Amino acid sequence: MLTKSVVVFSGSKAGHDPEFMQHAKELGYLLAEEKILLVYGGGSLGLMGAVSNAAKERGGEIKAIIPKKIVELVGRNFNSEIPIEVVDDIHTRKQRMYEAADAAIALPGGFGTLDEMFEFAAWCQLGLHAKPKPLCALNTAGFFNPIKILMMDMVRQGLMDYRTRDLLQFATSPQHTLERIERAIRIQNALAFATAKAAATTTKVAAAR
């Protein structure tokens, strides 16, 4: 696969619907099987813990990034077998997670999960990532349906265009999520190649004049 690393945003709680945990585990297994590095927030509980534990169970490569404040609050309540990078604050944590991944996946979660998902999308919109990076929400049990409706209303109200809306994709299963990300990276690579080729041709023509 072209996708070599993925940051996963997810909740530290399991939620009531058992499909949340099921999809989190399936995603962890898939990332390990496809040899895709899992970058995540380092927690061992809830959906966050389910993804990392599943990836570890299948021999996957994992990178956890945690701010010092959280370490102080919860103590060493992390899997000691997973490499952990401790950073100064939550802002540095998010930046390091974004930088370490080719793409992002959002699972169901609370304020922190939504904050990371929307900030990642905003970085895409503003061109702040070093390269274009796909973002896909795993819409388990329709969890993200209200956000899909909200985004469509933003378009209808003239606050967002369709191109911006499409920076956040949605998938129905872990496998579908990886397929959407892989397709997006293939398209981005093709566009980058075409742009570079066109620029080289323009330069060659200009030099010949």
# chains A, B, ... in the order shown; residues from 1 in each chain; ligands from 1

call {"tool": "closest_atom_pairs", "arguments": {"of": "segment 73-127 of chain A", "to": "segment 163-171 of chain A", "cutoff": "10 Å", "atoms": "only C-alpha atoms", "output": "tab-separated table"}}
result
residue	atom	partner	partner_atom	distance
A:Ala104	CA	A:Leu168	CA	9.8
A:Ile105	CA	A:Phe170	CA	9.5
A:Ala106	CA	A:Phe170	CA	9.3
A:Met117	CA	A:Leu168	CA	8.6
A:Phe118	CA	A:Leu168	CA	8.6
A:Phe120	CA	A:Leu168	CA	9.4
A:Ala121	CA	A:Leu167	CA	6.4
A:Ala122	CA	A:Leu167	CA	8.9
A:Cys124	CA	A:Leu167	CA	7.2
A:Gln125	CA	A:Thr164	CA	6.5

call {"tool": "select_by_dssp", "arguments": {"residues": "segment 25-207 of chain A", "states": "helix (DSSP H, G or I)", "output": "NGL selection string"}}
result
:A and (25-33 or 46-57 or 68-74 or 90-99 or 111-126 or 140-142 or 145-156 or 162-165 or 174-207)

call {"tool": "select_by_dssp", "arguments": {"residues": "segment 149-198 of chain A", "states": "strand (DSSP E or B)", "output": "PyMOL selection string"}}
result
chain A and resi 168-171

call {"tool": "closest_residue", "arguments": {"among": "A:Glu57, A:Asp102, A:Asp115, A:Asp153", "to": "Gly11 of chain A", "atoms": "only C-alpha atoms"}}
result
A:Asp115

call {"tool": "decode", "arguments": {"residues": "segment 20-163 of chain A", "atoms": "C-alpha atoms", "output": "CSV table (one decimal), in the first residue's frame"}}
result
chain,number,residue,atom,x,y,z
A,20,PHE,CA,-17.8,0.9,18.3
A,21,MET,CA,-15.3,-1.5,20.0
A,22,GLN,CA,-15.7,-4.0,17.2
A,23,HIS,CA,-14.7,-1.5,14.5
A,24,ALA,CA,-11.9,-0.1,16.6
A,25,LYS,CA,-10.4,-3.6,17.0
A,26,GLU,CA,-10.9,-4.4,13.3
A,27,LEU,CA,-9.1,-1.2,12.3
A,28,GLY,CA,-6.2,-2.1,14.6
A,29,TYR,CA,-5.9,-5.6,13.1
A,30,LEU,CA,-6.1,-4.1,9.5
A,31,LEU,CA,-3.4,-1.5,10.2
A,32,ALA,CA,-1.0,-4.3,11.5
A,33,GLU,CA,-1.8,-6.6,8.6
A,34,GLU,CA,-1.2,-3.9,6.0
A,35,LYS,CA,2.0,-2.9,7.9
A,36,ILE,CA,0.8,0.7,8.4
A,37,LEU,CA,2.2,2.6,11.4
A,38,LEU,CA,-0.5,3.5,13.9
A,39,VAL,CA,0.0,6.9,15.4
A,40,TYR,CA,-2.3,7.7,18.3
A,41,GLY,CA,-2.7,9.6,21.6
A,42,GLY,CA,-1.3,6.9,23.8
A,43,GLY,CA,-4.3,6.0,26.0
A,44,SER,CA,-5.0,2.4,27.0
A,45,LEU,CA,-8.7,2.7,27.6
A,46,GLY,CA,-11.8,2.8,25.4
A,47,LEU,CA,-11.7,2.9,21.7
A,48,MET,CA,-8.2,4.4,21.8
A,49,GLY,CA,-6.9,1.4,23.7
A,50,ALA,CA,-8.9,-1.1,21.6
A,51,VAL,CA,-7.2,0.1,18.4
A,52,SER,CA,-3.7,0.0,19.8
A,53,ASN,CA,-4.1,-3.3,21.6
A,54,ALA,CA,-5.5,-4.9,18.4
A,55,ALA,CA,-2.6,-3.6,16.3
A,56,LYS,CA,-0.1,-4.7,18.9
A,57,GLU,CA,-1.7,-8.2,19.1
A,58,ARG,CA,-1.1,-8.6,15.3
A,59,GLY,CA,2.5,-7.3,15.5
A,60,GLY,CA,1.8,-3.9,14.2
A,61,GLU,CA,4.1,-0.9,14.6
A,62,ILE,CA,2.7,1.8,17.0
A,63,LYS,CA,3.7,5.3,18.0
A,64,ALA,CA,2.1,7.0,21.0
A,65,ILE,CA,2.4,10.8,21.6
A,66,ILE,CA,1.3,12.1,25.0
A,67,PRO,CA,1.5,15.6,26.6
A,68,LYS,CA,3.2,15.8,30.0
A,69,LYS,CA,0.1,17.1,31.7
A,70,ILE,CA,-1.8,13.9,30.9
A,71,VAL,CA,1.0,11.8,32.1
A,72,GLU,CA,0.9,13.7,35.4
A,73,LEU,CA,-2.9,13.4,35.7
A,74,VAL,CA,-3.2,9.6,35.0
A,75,GLY,CA,0.2,8.4,35.9
A,76,ARG,CA,1.9,5.6,33.9
A,77,ASN,CA,-1.4,4.1,32.8
A,78,PHE,CA,-0.1,3.2,29.4
A,79,ASN,CA,1.1,0.0,27.6
A,80,SER,CA,4.8,-0.2,28.5
A,81,GLU,CA,5.5,-2.2,25.3
A,82,ILE,CA,4.4,0.7,23.0
A,83,PRO,CA,6.9,3.4,22.2
A,84,ILE,CA,5.8,6.7,23.8
A,85,GLU,CA,6.9,10.2,23.0
A,86,VAL,CA,6.1,12.7,25.8
A,87,VAL,CA,5.7,16.3,24.6
A,88,ASP,CA,5.3,19.6,26.4
A,89,ASP,CA,1.6,20.3,25.7
A,90,ILE,CA,-1.5,19.2,23.8
A,91,HIS,CA,-0.8,21.5,20.9
A,92,THR,CA,2.6,20.0,20.3
A,93,ARG,CA,1.0,16.5,20.7
A,94,LYS,CA,-1.4,17.2,17.9
A,95,GLN,CA,1.2,18.8,15.6
A,96,ARG,CA,3.5,15.8,16.1
A,97,MET,CA,0.7,13.3,15.4
A,98,TYR,CA,-0.2,15.1,12.2
A,99,GLU,CA,3.4,15.3,11.0
A,100,ALA,CA,4.0,11.6,11.7
A,101,ALA,CA,1.1,10.3,9.5
A,102,ASP,CA,0.2,10.1,5.8
A,103,ALA,CA,-3.5,10.3,6.6
A,104,ALA,CA,-6.0,10.5,9.5
A,105,ILE,CA,-8.9,8.3,10.6
A,106,ALA,CA,-11.5,9.5,13.1
A,107,LEU,CA,-13.5,7.0,15.2
A,108,PRO,CA,-16.4,7.9,17.5
A,109,GLY,CA,-15.3,10.0,20.5
A,110,GLY,CA,-15.9,13.2,22.5
A,111,PHE,CA,-14.6,16.8,22.4
A,112,GLY,CA,-10.9,15.7,22.0
A,113,THR,CA,-11.6,13.4,19.1
A,114,LEU,CA,-13.8,16.0,17.3
A,115,ASP,CA,-11.2,18.8,18.0
A,116,GLU,CA,-8.4,16.7,16.4
A,117,MET,CA,-10.6,15.7,13.4
A,118,PHE,CA,-11.7,19.3,12.6
A,119,GLU,CA,-8.3,20.8,13.2
A,120,PHE,CA,-6.7,18.2,10.9
A,121,ALA,CA,-9.4,19.2,8.3
A,122,ALA,CA,-8.6,22.9,8.8
A,123,TRP,CA,-4.9,22.3,8.3
A,124,CYS,CA,-5.9,20.5,5.0
A,125,GLN,CA,-8.0,23.5,4.0
A,126,LEU,CA,-5.2,26.0,4.8
A,127,GLY,CA,-2.4,23.9,3.2
A,128,LEU,CA,-0.5,23.6,6.5
A,129,HIS,CA,0.4,19.9,6.1
A,130,ALA,CA,3.7,19.2,4.4
A,131,LYS,CA,1.7,17.4,1.7
A,132,PRO,CA,-2.0,16.7,1.1
A,133,LYS,CA,-3.3,14.2,3.7
A,134,PRO,CA,-6.6,12.3,3.5
A,135,LEU,CA,-9.0,12.4,6.4
A,136,CYS,CA,-11.7,9.8,6.8
A,137,ALA,CA,-14.3,9.3,9.6
A,138,LEU,CA,-15.3,5.8,10.3
A,139,ASN,CA,-19.1,6.3,10.6
A,140,THR,CA,-19.8,3.3,12.9
A,141,ALA,CA,-23.5,2.9,13.6
A,142,GLY,CA,-24.1,6.3,12.0
A,143,PHE,CA,-22.2,8.1,14.7
A,144,PHE,CA,-21.0,10.9,12.4
A,145,ASN,CA,-24.4,11.4,10.6
A,146,PRO,CA,-25.2,14.6,12.5
A,147,ILE,CA,-21.8,16.0,11.4
A,148,LYS,CA,-22.6,15.1,7.7
A,149,ILE,CA,-25.9,16.9,8.0
A,150,LEU,CA,-24.2,19.9,9.7
A,151,MET,CA,-21.6,20.1,6.9
A,152,MET,CA,-24.3,20.0,4.2
A,153,ASP,CA,-26.1,22.9,6.1
A,154,MET,CA,-22.8,24.8,6.1
A,155,VAL,CA,-22.7,24.5,2.3
A,156,ARG,CA,-26.3,25.4,2.0
A,157,GLN,CA,-25.8,28.5,4.2
A,158,GLY,CA,-22.8,29.6,2.1
A,159,LEU,CA,-20.3,29.1,4.9
A,160,MET,CA,-18.4,26.2,3.2
A,161,ASP,CA,-18.0,25.1,-0.4
A,162,TYR,CA,-18.3,21.5,-1.7
A,163,ARG,CA,-14.5,21.2,-2.1
